[in-house]
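Trainee: Before I ask anything, here is the structure I am working with.
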Amino acid sequence: MGSTSVNRRDVMKRAAAAGLLAVPAVGALTSCASGGGEDNKAEKGKKSKKNPLGVKQDADLSVYIFNGGYGDKYAQFVTDMYAEKYPESDPGQKATTKIATQVQPKIVRGNPTADVVNNSGADLMNIGKLVHNKQVADLGEVLDAPSWDDPNVTVRETLVPVVEQMGRFGGEECYQLNITLTVYGNWYSKKLLEEGLESEYPKTWDEMLAVCKKAKAKGIHGWSYPGGHPRYMFFSMYAMFAQRGGRDVTTAMDYLEPDAWKHDAVKDVFEAWEELVAKKYVLTGFDGTEAHTEMQTAWTKEGKCLFVPNGSWVENEAKDTTPKDFAMTVGATPSLDKDDKLPFGTLYAPAGEPFIVPAKAKNRQGGLEWMRMMYSKEAARNLFEEVGSMPVVKGAIDGVKLPSGTASAQAAIEAAGENVVIPQFVDWYNELFREDFNNMIHKFMMGQIGTKQAMDAMQKAADRIKNDPDITKVKKA
């Protein structure tokens, strides 16, 4: 895939903003509210069993979709469903890479032209500010509505729990809803691991080092990562922070608490990776703008490394270079030792691709109805067929023959159970992830700095953001 896949990956990372950890209350945001509110003159129809959200039959609908790696065909499928149910309406869909540029000014002025928005991409709107300024609708009405497929089951009951949790900002209100699941972790070839190295997936760090040593003896690096996008290492490291020290450690990172990045658990994780780097188990390089595809080719086609940090989009993205018998698989975070606070299998797995409905949307009920249709099994399965990502609708792809990577990701989510962790600061303070972590981890993985310098760099960055009066802070409710 080309440059659009980069945009889509960025979307998935930005979307990984919350999860099983509580999101702070809207009132905790320290910026000043202005505009917004839900006292609009939205067009509404009469509610009935066939029209549970009270959609006005002849009201036009405007849908804005981020035109990234997913494209917009999956969304057009839903827009076509809407047109079929409401033939008197004239639903229109616009694909763009400039969501904030084209959509936000009108939302802020209180006269949005969009009724439902896929808020994604490099030019996405700041959801925290929109929520705080009451410019997005509470989507609880969608969640409480009868599902498209079964009127006796609510939409909420058809979705994996993380979807609603990621849309909350402290209270019961839900302001954004996502449509896909991404599993981050240690991706590898099951064939190379089990047949080539006669090994099982390492469940402890000692086992990880042993497998890497065995691989090195055969001329294979245990690990690699894209030097041009070193933040990929976060995909493998983050769950280790939580697994080692518990949720309090990662919560402290989210809320910019004093010395959050100097916790003993953070130190233990960095020291584990520092040993792996020191033993020369990491294949470095891949420093250009297409570093991710270069690394993936070295991994899949050339077999130069065993493990890579990645997300579940990689199976589709690397399909052209992946041998048929590669058996792509994702593994969860290995345990450091018996002192870990969370068990092996703890997983970094957020819902992605967020959607919102402007509070003052002209056809707000139509936007909510579009979302209800998006969560039908038919639309969810179409989403999977179009983009290869797991939908958040339970059972939507049951019975479908899944490729190896997707099947392993689904199994990893089931095995994790409640032990799913998601970094909220990645969305709240994106520069802390995309700039500061990126710069620090590149030097760390090259062996240019050690654990202490890595921790100091991240703590300094977190303190800088905490003390910057121009950055909207999120505080605990």
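FYI, nothing fancy with the structure tokens labels: chains A, B, ... in order, residues from 1 per chain, ligands from 1 as they appear.
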Can you check which residues of region 275-432 of chain A DSSP gives as helix (DSSP H, G or I) on the backbone and send them as a PyMOL selection string?

Mentor: chain A and resi 275-278+291-300+314-317+319-321+364-374+377-387+404-416+425-428+430-432

Trainee: Considering only C-alpha atoms, give me a table of residues in region 225-312 of chain A that are at most 10 Å from region 341-358 of chain A, with the closest atom pair and distance in Å for each, as a Markdown table.

Mentor:
| residue | atom | partner | partner_atom | distance |
| --- | --- | --- | --- | --- |
| A:Phe234 | CA | A:Tyr348 | CA | 9.9 |
| A:Phe235 | CA | A:Tyr348 | CA | 7.4 |
| A:Ser236 | CA | A:Tyr348 | CA | 8.4 |
| A:Met237 | CA | A:Tyr348 | CA | 9.5 |
| A:Tyr238 | CA | A:Tyr348 | CA | 7.2 |
| A:Ala239 | CA | A:Tyr348 | CA | 5.7 |
| A:Met240 | CA | A:Thr346 | CA | 8.1 |
| A:Phe241 | CA | A:Leu342 | CA | 9.8 |
| A:Ala242 | CA | A:Leu342 | CA | 7.1 |
| A:Gln243 | CA | A:Leu342 | CA | 4.4 |
| A:Arg244 | CA | A:Lys341 | CA | 5.4 |
| A:Gly245 | CA | A:Lys341 | CA | 5.5 |
| A:Gly246 | CA | A:Lys341 | CA | 5.1 |
| A:Arg247 | CA | A:Leu342 | CA | 8.5 |
| A:Ala265 | CA | A:Lys341 | CA | 9.7 |
| A:Gly311 | CA | A:Ala349 | CA | 9.0 |
| A:Ser312 | CA | A:Ala349 | CA | 9.5 |

Trainee: Extract, using only C-alpha atoms, all DNA, RNA and protein residues at most 12 Å from Leu383 (chain A), discarding same-chain residues fewer than 3 positions from it, and format them as a compact mmCIF listing (two decimals) with all heavy atoms, in the first residue's frame.

Mentor:
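Okay, result-v8.txt is ready:
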# COMPACT_ATOMS: atom_id res chain seq x y z
N TYR A 70 -8.30 3.24 4.40
CA TYR A 70 -9.56 2.51 4.32
C TYR A 70 -10.40 2.94 3.12
O TYR A 70 -11.33 2.23 2.73
CB TYR A 70 -10.39 2.74 5.59
CG TYR A 70 -9.96 1.92 6.78
CD1 TYR A 70 -10.60 2.09 8.01
CD2 TYR A 70 -8.93 0.99 6.72
CE1 TYR A 70 -10.24 1.35 9.12
CE2 TYR A 70 -8.56 0.26 7.82
CZ TYR A 70 -9.20 0.44 9.02
OH TYR A 70 -8.85 -0.29 10.12
N GLY A 71 -10.10 4.12 2.57
CA GLY A 71 -10.95 4.64 1.52
C GLY A 71 -12.33 4.96 2.08
O GLY A 71 -12.50 5.12 3.29
N ASP A 72 -13.34 5.02 1.21
CA ASP A 72 -14.69 5.30 1.73
C ASP A 72 -15.75 4.36 1.18
O ASP A 72 -16.94 4.56 1.41
CB ASP A 72 -15.08 6.75 1.44
CG ASP A 72 -15.45 7.01 -0.02
OD1 ASP A 72 -14.87 6.35 -0.91
OD2 ASP A 72 -16.32 7.86 -0.25
N LYS A 73 -15.32 3.29 0.51
CA LYS A 73 -16.30 2.33 -0.03
C LYS A 73 -17.09 1.67 1.08
O LYS A 73 -18.29 1.42 0.96
CB LYS A 73 -15.60 1.28 -0.89
CG LYS A 73 -15.17 1.77 -2.26
CD LYS A 73 -14.51 0.65 -3.07
CE LYS A 73 -15.47 -0.48 -3.36
NZ LYS A 73 -14.83 -1.55 -4.18
N TYR A 74 -16.41 1.36 2.19
CA TYR A 74 -17.10 0.71 3.30
C TYR A 74 -18.21 1.60 3.85
O TYR A 74 -19.28 1.13 4.27
CB TYR A 74 -16.11 0.36 4.41
CG TYR A 74 -15.69 1.55 5.26
CD1 TYR A 74 -16.39 1.89 6.41
CD2 TYR A 74 -14.61 2.35 4.89
CE1 TYR A 74 -16.02 3.00 7.17
CE2 TYR A 74 -14.24 3.45 5.64
CZ TYR A 74 -14.95 3.77 6.78
OH TYR A 74 -14.59 4.86 7.52
N ALA A 75 -17.98 2.91 3.84
CA ALA A 75 -18.98 3.86 4.33
C ALA A 75 -20.09 4.07 3.30
O ALA A 75 -21.26 4.24 3.66
CB ALA A 75 -18.31 5.19 4.66
N GLN A 76 -19.72 4.05 2.03
CA GLN A 76 -20.72 4.21 0.98
C GLN A 76 -21.75 3.09 1.06
O GLN A 76 -22.93 3.28 0.75
CB GLN A 76 -20.06 4.24 -0.40
CG GLN A 76 -21.01 4.59 -1.53
CD GLN A 76 -21.60 5.99 -1.38
OE1 GLN A 76 -20.88 6.96 -1.19
NE2 GLN A 76 -22.93 6.09 -1.45
N PHE A 77 -21.31 1.92 1.48
CA PHE A 77 -22.21 0.79 1.66
C PHE A 77 -23.32 1.17 2.64
O PHE A 77 -24.50 0.86 2.43
CB PHE A 77 -21.42 -0.41 2.20
CG PHE A 77 -22.22 -1.68 2.36
CD1 PHE A 77 -22.31 -2.58 1.32
CD2 PHE A 77 -22.87 -1.97 3.56
CE1 PHE A 77 -23.05 -3.77 1.46
CE2 PHE A 77 -23.60 -3.13 3.71
CZ PHE A 77 -23.69 -4.03 2.66
N VAL A 78 -22.96 1.87 3.72
CA VAL A 78 -23.94 2.29 4.73
C VAL A 78 -24.80 3.43 4.20
O VAL A 78 -26.02 3.46 4.41
CB VAL A 78 -23.22 2.72 6.03
CG1 VAL A 78 -24.24 3.10 7.10
CG2 VAL A 78 -22.31 1.61 6.53
N ILE A 179 -15.26 1.89 14.96
CA ILE A 179 -15.83 0.79 14.17
C ILE A 179 -14.91 -0.41 13.98
O ILE A 179 -15.37 -1.46 13.53
CB ILE A 179 -16.29 1.30 12.79
CG1 ILE A 179 -15.11 1.86 11.99
CG2 ILE A 179 -17.39 2.34 12.93
CD1 ILE A 179 -15.46 2.20 10.54
N THR A 180 -13.61 -0.28 14.29
CA THR A 180 -12.69 -1.41 14.09
C THR A 180 -11.90 -1.69 15.36
O THR A 180 -11.84 -0.86 16.27
CB THR A 180 -11.68 -1.12 12.96
OG1 THR A 180 -10.89 0.02 13.33
CG2 THR A 180 -12.38 -0.85 11.64
N LEU A 181 -11.29 -2.85 15.42
CA LEU A 181 -10.40 -3.21 16.52
C LEU A 181 -8.99 -3.40 15.98
O LEU A 181 -8.79 -4.04 14.94
CB LEU A 181 -10.86 -4.51 17.18
CG LEU A 181 -11.96 -4.42 18.24
CD1 LEU A 181 -12.36 -5.82 18.68
CD2 LEU A 181 -11.51 -3.60 19.43
N GLU A 353 -10.94 4.15 14.26
CA GLU A 353 -11.79 4.84 13.29
C GLU A 353 -13.01 5.47 13.98
O GLU A 353 -14.12 4.95 13.94
CB GLU A 353 -12.24 3.90 12.17
CG GLU A 353 -11.17 3.60 11.15
CD GLU A 353 -10.59 4.87 10.51
OE1 GLU A 353 -11.33 5.58 9.83
OE2 GLU A 353 -9.40 5.12 10.69
N MET A 374 -24.38 1.37 10.53
CA MET A 374 -22.97 0.99 10.48
C MET A 374 -22.70 -0.21 11.38
O MET A 374 -21.83 -1.03 11.11
CB MET A 374 -22.11 2.18 10.92
CG MET A 374 -20.61 1.94 10.84
SD MET A 374 -19.95 1.96 9.17
CE MET A 374 -19.11 0.39 9.13
N TYR A 375 -23.48 -0.32 12.46
CA TYR A 375 -23.30 -1.42 13.40
C TYR A 375 -24.19 -2.62 13.10
O TYR A 375 -24.37 -3.49 13.95
CB TYR A 375 -23.52 -0.92 14.82
CG TYR A 375 -22.41 -0.01 15.31
CD1 TYR A 375 -22.69 1.19 15.94
CD2 TYR A 375 -21.08 -0.36 15.13
CE1 TYR A 375 -21.67 2.02 16.38
CE2 TYR A 375 -20.06 0.47 15.56
CZ TYR A 375 -20.36 1.66 16.19
OH TYR A 375 -19.34 2.46 16.62
N SER A 376 -24.74 -2.68 11.92
CA SER A 376 -25.44 -3.90 11.49
C SER A 376 -24.39 -4.94 11.12
O SER A 376 -23.26 -4.61 10.76
CB SER A 376 -26.31 -3.61 10.27
OG SER A 376 -25.51 -3.27 9.14
N LYS A 377 -24.73 -6.19 11.24
CA LYS A 377 -23.78 -7.25 10.91
C LYS A 377 -23.42 -7.21 9.43
O LYS A 377 -22.28 -7.49 9.04
CB LYS A 377 -24.34 -8.62 11.28
CG LYS A 377 -24.32 -8.91 12.78
CD LYS A 377 -24.68 -10.35 13.08
CE LYS A 377 -24.54 -10.62 14.58
NZ LYS A 377 -24.88 -12.03 14.91
N GLU A 378 -24.38 -6.82 8.60
CA GLU A 378 -24.14 -6.76 7.16
C GLU A 378 -23.07 -5.70 6.85
O GLU A 378 -22.12 -5.95 6.10
CB GLU A 378 -25.44 -6.43 6.44
CG GLU A 378 -25.31 -6.38 4.92
CD GLU A 378 -26.60 -5.99 4.23
OE1 GLU A 378 -27.52 -5.48 4.93
OE2 GLU A 378 -26.70 -6.16 3.00
N ALA A 379 -23.21 -4.53 7.44
CA ALA A 379 -22.24 -3.45 7.20
C ALA A 379 -20.90 -3.77 7.83
O ALA A 379 -19.84 -3.47 7.27
CB ALA A 379 -22.78 -2.13 7.74
N ALA A 380 -20.93 -4.40 9.01
CA ALA A 380 -19.69 -4.76 9.69
C ALA A 380 -18.91 -5.80 8.91
O ALA A 380 -17.68 -5.72 8.79
CB ALA A 380 -19.99 -5.26 11.09
N GLU A 386 -13.86 -5.19 2.95
CA GLU A 386 -13.27 -4.07 2.23
C GLU A 386 -11.88 -3.71 2.73
O GLU A 386 -10.98 -3.43 1.94
CB GLU A 386 -14.18 -2.83 2.35
CG GLU A 386 -15.46 -2.91 1.54
CD GLU A 386 -15.24 -2.73 0.06
OE1 GLU A 386 -14.12 -2.33 -0.34
OE2 GLU A 386 -16.18 -2.98 -0.71
N VAL A 387 -11.69 -3.69 4.06
CA VAL A 387 -10.44 -3.15 4.60
C VAL A 387 -9.61 -4.17 5.39
O VAL A 387 -8.47 -3.89 5.76
CB VAL A 387 -10.71 -1.92 5.49
CG1 VAL A 387 -11.52 -0.88 4.73
CG2 VAL A 387 -11.42 -2.29 6.78
N GLY A 388 -10.17 -5.34 5.68
CA GLY A 388 -9.41 -6.39 6.35
C GLY A 388 -9.24 -6.20 7.84
O GLY A 388 -8.50 -6.94 8.48
N SER A 389 -9.92 -5.21 8.45
CA SER A 389 -9.82 -4.99 9.88
C SER A 389 -11.02 -5.59 10.60
O SER A 389 -12.12 -5.66 10.06
CB SER A 389 -9.74 -3.49 10.19
OG SER A 389 -8.51 -2.96 9.76
N MET A 390 -10.80 -6.01 11.84
CA MET A 390 -11.86 -6.63 12.61
C MET A 390 -12.90 -5.60 13.02
O MET A 390 -12.57 -4.57 13.59
CB MET A 390 -11.29 -7.29 13.87
CG MET A 390 -10.44 -8.51 13.60
SD MET A 390 -9.87 -9.27 15.16
CE MET A 390 -8.76 -8.00 15.75
N PRO A 391 -14.16 -5.88 12.74
CA PRO A 391 -15.23 -4.96 13.17
C PRO A 391 -15.51 -5.13 14.66
O PRO A 391 -15.19 -6.16 15.25
CB PRO A 391 -16.42 -5.39 12.33
CG PRO A 391 -16.17 -6.84 12.03
CD PRO A 391 -14.68 -6.99 11.92
N VAL A 392 -16.10 -4.09 15.27
CA VAL A 392 -16.40 -4.14 16.70
C VAL A 392 -17.74 -4.78 16.99
O VAL A 392 -18.13 -4.92 18.15
CB VAL A 392 -16.36 -2.71 17.30
CG1 VAL A 392 -14.97 -2.11 17.19
CG2 VAL A 392 -17.40 -1.82 16.64
N VAL A 393 -18.48 -5.16 15.96
CA VAL A 393 -19.78 -5.81 16.14
C VAL A 393 -19.56 -7.28 16.45
O VAL A 393 -18.93 -8.01 15.67
CB VAL A 393 -20.65 -5.65 14.88
CG1 VAL A 393 -21.98 -6.37 15.05
CG2 VAL A 393 -20.88 -4.17 14.58
N ALA A 396 -19.88 -10.55 13.92
CA ALA A 396 -20.05 -10.10 12.54
C ALA A 396 -19.27 -10.94 11.55
O ALA A 396 -19.67 -11.09 10.40
CB ALA A 396 -19.65 -8.63 12.41
N ILE A 397 -18.12 -11.47 11.97
CA ILE A 397 -17.32 -12.27 11.04
C ILE A 397 -17.24 -13.73 11.48
O ILE A 397 -16.36 -14.47 11.03
CB ILE A 397 -15.90 -11.68 10.87
CG1 ILE A 397 -15.17 -11.52 12.20
CG2 ILE A 397 -15.98 -10.35 10.16
CD1 ILE A 397 -13.74 -11.03 12.06

Trainee: What's the 7 Å shell around Phe307 (chain A), counting only C-alpha atoms, without same-chain residues fewer than 5 positions away, as a PyMOL selection string?

Mentor: chain A and resi 186-188+222-224

Trainee: Within 8 Å of Asp115 (chain A), counting only C-alpha atoms, which residues show up once you throw out same-chain ones fewer than 4 positions away? Write them as number ranges by chain, please.

Mentor: A: 61-63, 357-358, 361-364, 366-367

Trainee: Any chance you can output those residues with all heavy atoms as a PDB file, in the first residue's frame?

Mentor:
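The resulting part39.pdb:
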ATOM      1  N   LEU A  61     -29.062  13.978   4.104  1.00  0.00           N
ATOM      2  CA  LEU A  61     -28.014  13.548   5.026  1.00  0.00           C
ATOM      3  C   LEU A  61     -26.647  13.833   4.417  1.00  0.00           C
ATOM      4  O   LEU A  61     -26.416  13.576   3.230  1.00  0.00           O
ATOM      5  CB  LEU A  61     -28.130  12.041   5.311  1.00  0.00           C
ATOM      6  CG  LEU A  61     -27.120  11.470   6.301  1.00  0.00           C
ATOM      7  CD1 LEU A  61     -27.501  11.853   7.727  1.00  0.00           C
ATOM      8  CD2 LEU A  61     -27.035   9.951   6.175  1.00  0.00           C
ATOM      9  N   SER A  62     -25.723  14.365   5.235  1.00  0.00           N
ATOM     10  CA  SER A  62     -24.370  14.673   4.764  1.00  0.00           C
ATOM     11  C   SER A  62     -23.355  13.884   5.589  1.00  0.00           C
ATOM     12  O   SER A  62     -23.290  14.036   6.811  1.00  0.00           O
ATOM     13  CB  SER A  62     -24.105  16.177   4.899  1.00  0.00           C
ATOM     14  OG  SER A  62     -22.780  16.485   4.502  1.00  0.00           O
ATOM     15  N   VAL A  63     -22.577  13.039   4.912  1.00  0.00           N
ATOM     16  CA  VAL A  63     -21.607  12.159   5.562  1.00  0.00           C
ATOM     17  C   VAL A  63     -20.197  12.542   5.112  1.00  0.00           C
ATOM     18  O   VAL A  63     -19.938  12.634   3.910  1.00  0.00           O
ATOM     19  CB  VAL A  63     -21.877  10.675   5.207  1.00  0.00           C
ATOM     20  CG1 VAL A  63     -20.897   9.761   5.929  1.00  0.00           C
ATOM     21  CG2 VAL A  63     -23.316  10.296   5.531  1.00  0.00           C
ATOM     22  N   VAL A 357     -21.194  12.802  15.704  1.00  0.00           N
ATOM     23  CA  VAL A 357     -22.331  13.522  15.123  1.00  0.00           C
ATOM     24  C   VAL A 357     -22.320  14.914  15.740  1.00  0.00           C
ATOM     25  O   VAL A 357     -22.362  15.053  16.967  1.00  0.00           O
ATOM     26  CB  VAL A 357     -23.662  12.817  15.440  1.00  0.00           C
ATOM     27  CG1 VAL A 357     -24.844  13.693  15.010  1.00  0.00           C
ATOM     28  CG2 VAL A 357     -23.723  11.458  14.747  1.00  0.00           C
ATOM     29  N   PRO A 358     -22.212  15.973  14.938  1.00  0.00           N
ATOM     30  CA  PRO A 358     -22.222  17.338  15.499  1.00  0.00           C
ATOM     31  C   PRO A 358     -23.498  17.595  16.296  1.00  0.00           C
ATOM     32  O   PRO A 358     -24.592  17.176  15.895  1.00  0.00           O
ATOM     33  CB  PRO A 358     -22.145  18.224  14.255  1.00  0.00           C
ATOM     34  CG  PRO A 358     -21.463  17.370  13.223  1.00  0.00           C
ATOM     35  CD  PRO A 358     -21.985  15.985  13.468  1.00  0.00           C
ATOM     36  N   ALA A 361     -26.050  19.350  14.241  1.00  0.00           N
ATOM     37  CA  ALA A 361     -26.250  18.832  12.884  1.00  0.00           C
ATOM     38  C   ALA A 361     -27.693  19.048  12.460  1.00  0.00           C
ATOM     39  O   ALA A 361     -28.624  18.837  13.239  1.00  0.00           O
ATOM     40  CB  ALA A 361     -25.902  17.354  12.829  1.00  0.00           C
ATOM     41  N   LYS A 362     -27.874  19.454  11.221  1.00  0.00           N
ATOM     42  CA  LYS A 362     -29.223  19.724  10.722  1.00  0.00           C
ATOM     43  C   LYS A 362     -30.072  18.450  10.736  1.00  0.00           C
ATOM     44  O   LYS A 362     -31.243  18.478  11.116  1.00  0.00           O
ATOM     45  CB  LYS A 362     -29.149  20.302   9.301  1.00  0.00           C
ATOM     46  CG  LYS A 362     -30.507  20.744   8.753  1.00  0.00           C
ATOM     47  CD  LYS A 362     -30.370  21.416   7.394  1.00  0.00           C
ATOM     48  CE  LYS A 362     -29.601  22.726   7.530  1.00  0.00           C
ATOM     49  NZ  LYS A 362     -29.582  23.451   6.228  1.00  0.00           N
ATOM     50  N   ASN A 363     -29.459  17.334  10.344  1.00  0.00           N
ATOM     51  CA  ASN A 363     -30.160  16.043  10.376  1.00  0.00           C
ATOM     52  C   ASN A 363     -29.461  15.135  11.392  1.00  0.00           C
ATOM     53  O   ASN A 363     -28.913  14.101  11.041  1.00  0.00           O
ATOM     54  CB  ASN A 363     -30.185  15.405   8.992  1.00  0.00           C
ATOM     55  CG  ASN A 363     -31.046  14.142   8.942  1.00  0.00           C
ATOM     56  OD1 ASN A 363     -31.764  13.831   9.883  1.00  0.00           O
ATOM     57  ND2 ASN A 363     -30.957  13.422   7.834  1.00  0.00           N
ATOM     58  N   ARG A 364     -29.487  15.583  12.645  1.00  0.00           N
ATOM     59  CA  ARG A 364     -28.792  14.835  13.687  1.00  0.00           C
ATOM     60  C   ARG A 364     -29.360  13.426  13.841  1.00  0.00           C
ATOM     61  O   ARG A 364     -28.610  12.467  13.993  1.00  0.00           O
ATOM     62  CB  ARG A 364     -28.881  15.576  15.025  1.00  0.00           C
ATOM     63  CG  ARG A 364     -28.050  14.939  16.119  1.00  0.00           C
ATOM     64  CD  ARG A 364     -28.038  15.801  17.366  1.00  0.00           C
ATOM     65  NE  ARG A 364     -29.347  15.878  17.980  1.00  0.00           N
ATOM     66  CZ  ARG A 364     -29.709  16.813  18.854  1.00  0.00           C
ATOM     67  NH1 ARG A 364     -28.875  17.789  19.165  1.00  0.00           N
ATOM     68  NH2 ARG A 364     -30.910  16.809  19.397  1.00  0.00           N
ATOM     69  N   GLY A 366     -30.694  11.636  11.600  1.00  0.00           N
ATOM     70  CA  GLY A 366     -30.225  10.857  10.460  1.00  0.00           C
ATOM     71  C   GLY A 366     -28.797  10.399  10.657  1.00  0.00           C
ATOM     72  O   GLY A 366     -28.429   9.275  10.295  1.00  0.00           O
ATOM     73  N   GLY A 367     -27.970  11.276  11.244  1.00  0.00           N
ATOM     74  CA  GLY A 367     -26.599  10.888  11.541  1.00  0.00           C
ATOM     75  C   GLY A 367     -26.541   9.744  12.536  1.00  0.00           C
ATOM     76  O   GLY A 367     -25.750   8.809  12.388  1.00  0.00           O
TER      77      GLY A 367
END

Trainee: For each of A:Ser48, A:His263, A:Asp325, A:Val277, take the minimum atom-to-atom distance to Thr251 (chain A), counting only C-alpha atoms, then give the residue where this is smallest.

Mentor: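 Closest residue, counting only C-alpha atoms: A:His263.
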
Trainee: Can you work out the spacing between CA of Glu198 (chain A) and CA of Tyr281 (chain A) in Å, to one decimal?

Mentor: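 Value for the CA of Glu198 (chain A)-CA of Tyr281 (chain A) distance: 18.1 Å.
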
Trainee: Find the spatial neighbours of region 201-203 of chain A, counting only C-alpha atoms, within a cut-off of 8 Å - ignore same-chain residues fewer than 3 positions away - and output them as a PDB file with all heavy atoms, in the first residue's frame.

Mentor:
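The resulting file, part_21.pdb, is reproduced below:
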ATOM      1  N   LEU A 193       9.180 -19.577  13.687  1.00  0.00           N
ATOM      2  CA  LEU A 193       9.397 -19.807  15.109  1.00  0.00           C
ATOM      3  C   LEU A 193       9.333 -21.291  15.452  1.00  0.00           C
ATOM      4  O   LEU A 193      10.232 -21.827  16.125  1.00  0.00           O
ATOM      5  CB  LEU A 193       8.354 -19.041  15.933  1.00  0.00           C
ATOM      6  CG  LEU A 193       8.443 -19.219  17.446  1.00  0.00           C
ATOM      7  CD1 LEU A 193       9.751 -18.643  17.980  1.00  0.00           C
ATOM      8  CD2 LEU A 193       7.245 -18.565  18.147  1.00  0.00           C
ATOM      9  N   GLU A 207      12.665 -16.282  28.289  1.00  0.00           N
ATOM     10  CA  GLU A 207      12.393 -17.112  27.112  1.00  0.00           C
ATOM     11  C   GLU A 207      12.564 -16.302  25.833  1.00  0.00           C
ATOM     12  O   GLU A 207      13.036 -16.829  24.813  1.00  0.00           O
ATOM     13  CB  GLU A 207      10.978 -17.692  27.198  1.00  0.00           C
ATOM     14  CG  GLU A 207      10.803 -18.736  28.302  1.00  0.00           C
ATOM     15  CD  GLU A 207       9.359 -19.187  28.448  1.00  0.00           C
ATOM     16  OE1 GLU A 207       8.491 -18.671  27.700  1.00  0.00           O
ATOM     17  OE2 GLU A 207       9.092 -20.041  29.306  1.00  0.00           O
ATOM     18  N   MET A 208      12.195 -15.026  25.881  1.00  0.00           N
ATOM     19  CA  MET A 208      12.383 -14.158  24.709  1.00  0.00           C
ATOM     20  C   MET A 208      13.861 -14.038  24.365  1.00  0.00           C
ATOM     21  O   MET A 208      14.267 -14.175  23.199  1.00  0.00           O
ATOM     22  CB  MET A 208      11.792 -12.775  24.984  1.00  0.00           C
ATOM     23  CG  MET A 208      12.102 -11.722  23.910  1.00  0.00           C
ATOM     24  SD  MET A 208      11.429 -12.118  22.265  1.00  0.00           S
ATOM     25  CE  MET A 208       9.690 -11.738  22.542  1.00  0.00           C
ATOM     26  N   VAL A 211      15.113 -17.318  22.807  1.00  0.00           N
ATOM     27  CA  VAL A 211      14.694 -17.493  21.416  1.00  0.00           C
ATOM     28  C   VAL A 211      15.526 -16.604  20.493  1.00  0.00           C
ATOM     29  O   VAL A 211      15.941 -17.022  19.401  1.00  0.00           O
ATOM     30  CB  VAL A 211      13.188 -17.172  21.251  1.00  0.00           C
ATOM     31  CG1 VAL A 211      12.811 -17.071  19.781  1.00  0.00           C
ATOM     32  CG2 VAL A 211      12.348 -18.241  21.921  1.00  0.00           C
ATOM     33  N   GLY A 331       1.697 -12.024  19.086  1.00  0.00           N
ATOM     34  CA  GLY A 331       1.883 -12.520  20.442  1.00  0.00           C
ATOM     35  C   GLY A 331       1.758 -11.384  21.439  1.00  0.00           C
ATOM     36  O   GLY A 331       2.116 -10.242  21.150  1.00  0.00           O
ATOM     37  N   THR A 333       2.429  -9.497  25.281  1.00  0.00           N
ATOM     38  CA  THR A 333       3.615  -9.108  26.036  1.00  0.00           C
ATOM     39  C   THR A 333       4.140 -10.235  26.916  1.00  0.00           C
ATOM     40  O   THR A 333       3.401 -10.756  27.748  1.00  0.00           O
ATOM     41  CB  THR A 333       3.268  -7.913  26.944  1.00  0.00           C
ATOM     42  OG1 THR A 333       2.919  -6.811  26.122  1.00  0.00           O
ATOM     43  CG2 THR A 333       4.426  -7.527  27.827  1.00  0.00           C
ATOM     44  N   PRO A 334       5.415 -10.625  26.787  1.00  0.00           N
ATOM     45  CA  PRO A 334       5.992 -11.602  27.720  1.00  0.00           C
ATOM     46  C   PRO A 334       6.077 -11.010  29.126  1.00  0.00           C
ATOM     47  O   PRO A 334       6.252  -9.803  29.297  1.00  0.00           O
ATOM     48  CB  PRO A 334       7.395 -11.859  27.153  1.00  0.00           C
ATOM     49  CG  PRO A 334       7.317 -11.431  25.727  1.00  0.00           C
ATOM     50  CD  PRO A 334       6.361 -10.287  25.703  1.00  0.00           C
ATOM     51  N   SER A 335       5.935 -11.854  30.137  1.00  0.00           N
ATOM     52  CA  SER A 335       6.072 -11.411  31.521  1.00  0.00           C
ATOM     53  C   SER A 335       7.546 -11.239  31.852  1.00  0.00           C
ATOM     54  O   SER A 335       8.398 -11.984  31.357  1.00  0.00           O
ATOM     55  CB  SER A 335       5.454 -12.433  32.466  1.00  0.00           C
ATOM     56  OG  SER A 335       4.069 -12.580  32.237  1.00  0.00           O
ATOM     57  N   PHE A 344       0.413 -12.583  31.968  1.00  0.00           N
ATOM     58  CA  PHE A 344       0.765 -12.770  30.562  1.00  0.00           C
ATOM     59  C   PHE A 344      -0.526 -12.783  29.747  1.00  0.00           C
ATOM     60  O   PHE A 344      -1.516 -13.393  30.136  1.00  0.00           O
ATOM     61  CB  PHE A 344       1.509 -14.092  30.361  1.00  0.00           C
ATOM     62  CG  PHE A 344       1.659 -14.467  28.907  1.00  0.00           C
ATOM     63  CD1 PHE A 344       2.585 -13.821  28.113  1.00  0.00           C
ATOM     64  CD2 PHE A 344       0.842 -15.438  28.337  1.00  0.00           C
ATOM     65  CE1 PHE A 344       2.714 -14.145  26.761  1.00  0.00           C
ATOM     66  CE2 PHE A 344       0.973 -15.773  26.995  1.00  0.00           C
ATOM     67  CZ  PHE A 344       1.910 -15.122  26.211  1.00  0.00           C
TER      68      PHE A 344
END

Trainee: Check region 67-188 of chain A with DSSP on the backbone and list each residue it calls strand (DSSP E or B), as a list in words.

Mentor: Gly92, Gln93, Lys94, Ala95, Thr96, Val116, Val117, Asn118, Val136, Pro146, Thr154, Leu159, Arg168, Cys174, Leu177, Asn178, Ile179, Thr180, Leu181, Tyr184, Gly185, Asn186, Trp187 and Tyr188 of chain A

Trainee: Name the residues in contact with Phe444 (chain A) at a cut-off of 8 Å, using only C-alpha atoms, excluding same-chain residues fewer than 6 positions from it; report them as a list in words.

Mentor: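 Everything that qualifies: Glu274, Gly450, Thr451 and Ala454 of chain A.
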